[in-house]
$ cat protein-v7.pdb   # PDB, C-alpha atoms and all ligand atoms
MODEL        1
ATOM      1  CA  ALA E   1     -13.758  21.513   3.707  1.00  0.00           C
ATOM      2  CA  PHE E   2     -14.435  21.816   0.024  1.00  0.00           C
ATOM      3  CA  ARG E   3     -14.173  24.390  -2.709  1.00  0.00           C
ATOM      4  CA  VAL E   4     -16.810  26.321  -4.624  1.00  0.00           C
ATOM      5  CA  GLU E   5     -16.086  27.884  -7.980  1.00  0.00           C
ATOM      6  CA  SER E   6     -18.221  30.630  -9.494  1.00  0.00           C
ATOM      7  CA  ALA E   7     -18.961  29.729 -13.101  1.00  0.00           C
ATOM      8  CA  ARG E   8     -19.646  33.375 -13.958  1.00  0.00           C
ATOM      9  CA  THR E   9     -16.511  34.973 -12.529  1.00  0.00           C
ATOM     10  CA  GLY E  10     -14.107  32.056 -12.076  1.00  0.00           C
ATOM     11  CA  ALA E  11     -13.659  33.047  -8.443  1.00  0.00           C
ATOM     12  CA  VAL E  12     -12.870  30.183  -6.078  1.00  0.00           C
ATOM     13  CA  PHE E  13     -14.073  30.027  -2.486  1.00  0.00           C
ATOM     14  CA  ASP E  14     -12.927  27.637   0.229  1.00  0.00           C
ATOM     15  CA  VAL E  15     -15.773  26.456   2.446  1.00  0.00           C
ATOM     16  CA  PRO E  16     -14.442  25.344   5.836  1.00  0.00           C
ATOM     17  CA  ALA E  17     -16.318  22.832   7.984  1.00  0.00           C
ATOM     18  CA  ASP E  18     -17.678  25.547  10.261  1.00  0.00           C
ATOM     19  CA  GLN E  19     -19.170  27.704   7.493  1.00  0.00           C
ATOM     20  CA  THR E  20     -21.995  27.267   5.007  1.00  0.00           C
ATOM     21  CA  ILE E  21     -21.450  28.011   1.323  1.00  0.00           C
ATOM     22  CA  VAL E  22     -23.459  31.222   1.777  1.00  0.00           C
ATOM     23  CA  GLN E  23     -21.288  32.282   4.719  1.00  0.00           C
ATOM     24  CA  ALA E  24     -18.077  31.558   2.821  1.00  0.00           C
ATOM     25  CA  LEU E  25     -19.320  33.542  -0.186  1.00  0.00           C
ATOM     26  CA  GLU E  26     -20.382  36.481   1.973  1.00  0.00           C
ATOM     27  CA  ALA E  27     -17.094  36.443   3.877  1.00  0.00           C
ATOM     28  CA  ALA E  28     -15.357  36.847   0.514  1.00  0.00           C
ATOM     29  CA  GLY E  29     -17.623  39.718  -0.479  1.00  0.00           C
ATOM     30  CA  HIS E  30     -19.907  37.750  -2.804  1.00  0.00           C
ATOM     31  CA  ALA E  31     -23.494  38.654  -1.902  1.00  0.00           C
ATOM     32  CA  VAL E  32     -26.196  36.035  -2.449  1.00  0.00           C
ATOM     33  CA  ALA E  33     -29.977  36.129  -2.115  1.00  0.00           C
ATOM     34  CA  ILE E  34     -31.034  34.356   1.059  1.00  0.00           C
ATOM     35  CA  ALA E  35     -34.018  34.352   3.387  1.00  0.00           C
ATOM     36  CA  CYS E  36     -34.556  31.439   5.786  1.00  0.00           C
ATOM     37  CA  GLU E  37     -30.958  30.123   5.891  1.00  0.00           C
ATOM     38  CA  GLN E  38     -32.463  26.810   7.010  1.00  0.00           C
ATOM     39  CA  GLY E  39     -32.966  25.039   3.700  1.00  0.00           C
ATOM     40  CA  VAL E  40     -36.731  25.431   3.602  1.00  0.00           C
ATOM     41  CA  CYS E  41     -37.718  28.493   1.544  1.00  0.00           C
ATOM     42  CA  GLY E  42     -35.892  27.903  -1.752  1.00  0.00           C
ATOM     43  CA  THR E  43     -34.582  31.464  -2.076  1.00  0.00           C
ATOM     44  CA  CYS E  44     -30.948  30.397  -2.374  1.00  0.00           C
ATOM     45  CA  LEU E  45     -31.584  27.649  -4.954  1.00  0.00           C
ATOM     46  CA  THR E  46     -28.496  27.534  -7.180  1.00  0.00           C
ATOM     47  CA  ARG E  47     -27.695  25.500 -10.277  1.00  0.00           C
ATOM     48  CA  VAL E  48     -24.867  22.988  -9.942  1.00  0.00           C
ATOM     49  CA  LEU E  49     -22.748  22.788 -13.101  1.00  0.00           C
ATOM     50  CA  ALA E  50     -20.159  20.301 -11.839  1.00  0.00           C
ATOM     51  CA  GLY E  51     -19.485  18.341  -8.679  1.00  0.00           C
ATOM     52  CA  THR E  52     -21.753  16.412  -6.332  1.00  0.00           C
ATOM     53  CA  PRO E  53     -23.905  18.256  -3.791  1.00  0.00           C
ATOM     54  CA  ASP E  54     -24.545  16.870  -0.313  1.00  0.00           C
ATOM     55  CA  HIS E  55     -28.181  17.870   0.079  1.00  0.00           C
ATOM     56  CA  ARG E  56     -29.114  18.935   3.602  1.00  0.00           C
ATOM     57  CA  ASP E  57     -32.224  20.976   2.829  1.00  0.00           C
ATOM     58  CA  ALA E  58     -35.925  20.278   3.287  1.00  0.00           C
ATOM     59  CA  TYR E  59     -36.925  21.845  -0.040  1.00  0.00           C
ATOM     60  CA  LEU E  60     -35.926  19.567  -2.934  1.00  0.00           C
ATOM     61  CA  ASN E  61     -37.808  16.326  -3.560  1.00  0.00           C
ATOM     62  CA  ALA E  62     -36.112  12.971  -3.984  1.00  0.00           C
ATOM     63  CA  ALA E  63     -35.962  13.170  -7.776  1.00  0.00           C
ATOM     64  CA  GLU E  64     -34.459  16.661  -7.669  1.00  0.00           C
ATOM     65  CA  ARG E  65     -31.861  15.530  -5.132  1.00  0.00           C
ATOM     66  CA  ALA E  66     -30.917  12.544  -7.244  1.00  0.00           C
ATOM     67  CA  ARG E  67     -30.421  14.746 -10.332  1.00  0.00           C
ATOM     68  CA  GLY E  68     -27.883  16.810  -8.420  1.00  0.00           C
ATOM     69  CA  ASP E  69     -28.146  19.793 -10.746  1.00  0.00           C
ATOM     70  CA  GLN E  70     -29.371  22.271  -8.161  1.00  0.00           C
ATOM     71  CA  MET E  71     -28.861  22.842  -4.456  1.00  0.00           C
ATOM     72  CA  LEU E  72     -29.727  25.089  -1.519  1.00  0.00           C
ATOM     73  CA  ILE E  73     -26.451  26.757  -0.668  1.00  0.00           C
ATOM     74  CA  CYS E  74     -27.533  27.996   2.776  1.00  0.00           C
ATOM     75  CA  VAL E  75     -27.352  24.475   4.203  1.00  0.00           C
ATOM     76  CA  SER E  76     -26.179  21.919   1.648  1.00  0.00           C
ATOM     77  CA  ARG E  77     -22.537  20.978   1.200  1.00  0.00           C
ATOM     78  CA  ALA E  78     -20.387  18.938  -1.164  1.00  0.00           C
ATOM     79  CA  LEU E  79     -19.489  15.286  -1.529  1.00  0.00           C
ATOM     80  CA  SER E  80     -16.895  16.128  -4.189  1.00  0.00           C
ATOM     81  CA  PRO E  81     -13.788  18.263  -3.539  1.00  0.00           C
ATOM     82  CA  THR E  82     -15.159  21.044  -5.745  1.00  0.00           C
ATOM     83  CA  LEU E  83     -18.556  22.349  -6.820  1.00  0.00           C
ATOM     84  CA  ILE E  84     -18.932  24.611  -9.820  1.00  0.00           C
ATOM     85  CA  LEU E  85     -22.036  26.700  -9.265  1.00  0.00           C
ATOM     86  CA  ASP E  86     -24.036  29.070 -11.449  1.00  0.00           C
ATOM     87  CA  LEU E  87     -23.055  32.090  -9.384  1.00  0.00           C
TER
HETATM   88 FE1  LIG E 101     -34.073  29.547   2.389  1.00  0.00          FE
HETATM   89 FE2  LIG E 101     -31.647  28.781   1.529  1.00  0.00          FE
HETATM   90  S1  LIG E 101     -32.277  30.742   2.181  1.00  0.00           S
HETATM   91  S2  LIG E 101     -33.491  27.661   1.483  1.00  0.00           S
ENDMDL
END

$ encode --input "protein-v7.pdb" --output "structure tokens"
Amino acid sequence: AFRVESARTGAVFDVPADQTIVQALEAAGHAVAIACEQGVCGTCLTRVLAGTPDHRDAYLNAAERARGDQMLICVSRALSPTLILDL
């Protein structure tokens, strides 16, 4: 499990092992734009302001992954305890 913080509202969301970031946000009433939910379309691309994403998508290239400043929140997770996202 890890934690996601919304940079815009300050809201904090716990993401348990059996939920994606998108699912945890939606469960807490925070709607996000999604389409494929499989990490391929890029619709849910979100800027990462702090923390280290664990990229599990098939959308970003190697250089984009290494930069770690954006992620696909329908599939990717966190390597750090907290991610601060541009939500
Ligand atoms: Fe398609 Fe996340 S919804 S990549």

$ atom_distance --input "protein-v7.pdb" --atom1 "atom CA of E:Asn61" --atom2 "atom CA of E:Val32"
22.9 Å

$ resolve_selection --input "protein-v7.pdb" --expression "the PyMOL selection byres (((chain E and resi 76-83) around 7) and not hetatm)" --output "list in words"
Phe2, Arg3, Val4, Glu5, Ala50, Gly51, Thr52, Pro53, Asp54, His55, Arg56, Asp57, Met71, Leu72, Ile73, Cys74, Val75, Ile84 and Leu85 of chain E

$ atom_distance --input "protein-v7.pdb" --atom1 "atom CA of E:Ala35" --atom2 "atom CA of E:Ala58"
14.2 Å

$ axis_aligned_box --input "protein-v7.pdb" --around "ligand LIG 101 (chain E)" --padding-each-side "8 Å" --output "lines of an AutoDock Vina configuration file"
center_x = -32.9
center_y = 29.2
center_z = 1.9
size_x = 18.4
size_y = 19.1
size_z = 16.9

$ closest_residue --input "protein-v7.pdb" --among "E:Asp14, E:Asp69, E:Glu37, E:Glu26" --to "ligand LIG 101 (chain E)" --atoms "all atoms listed in the file"
E:Glu37

$ atom_distance --input "protein-v7.pdb" --atom1 "atom CA of E:Leu25" --atom2 "atom CA of E:Thr9"
12.7 Å

$ closest_residue --input "protein-v7.pdb" --among "E:Thr43, E:Asp86, E:Val48, E:Arg65" --to "ligand LIG 101 (chain E)" --atoms "only C-alpha atoms and all ligand atoms"
E:Thr43

$ closest_residue --input "protein-v7.pdb" --among "E:Ala1, E:Val40, E:Ala7, E:Leu45" --to "E:Tyr59" --atoms "all atoms listed in the file"
E:Val40

$ closest_residue --input "protein-v7.pdb" --among "E:Leu49, E:Val22, E:Glu64, E:Ala27" --to "ligand LIG 101 (chain E)" --atoms "only C-alpha atoms and all ligand atoms"
E:Val22

$ closest_residue --input "protein-v7.pdb" --among "E:Arg47, E:Gly29, E:Gly42, E:Gln70" --to "ligand LIG 101 (chain E)" --atoms "all atoms listed in the file"
E:Gly42
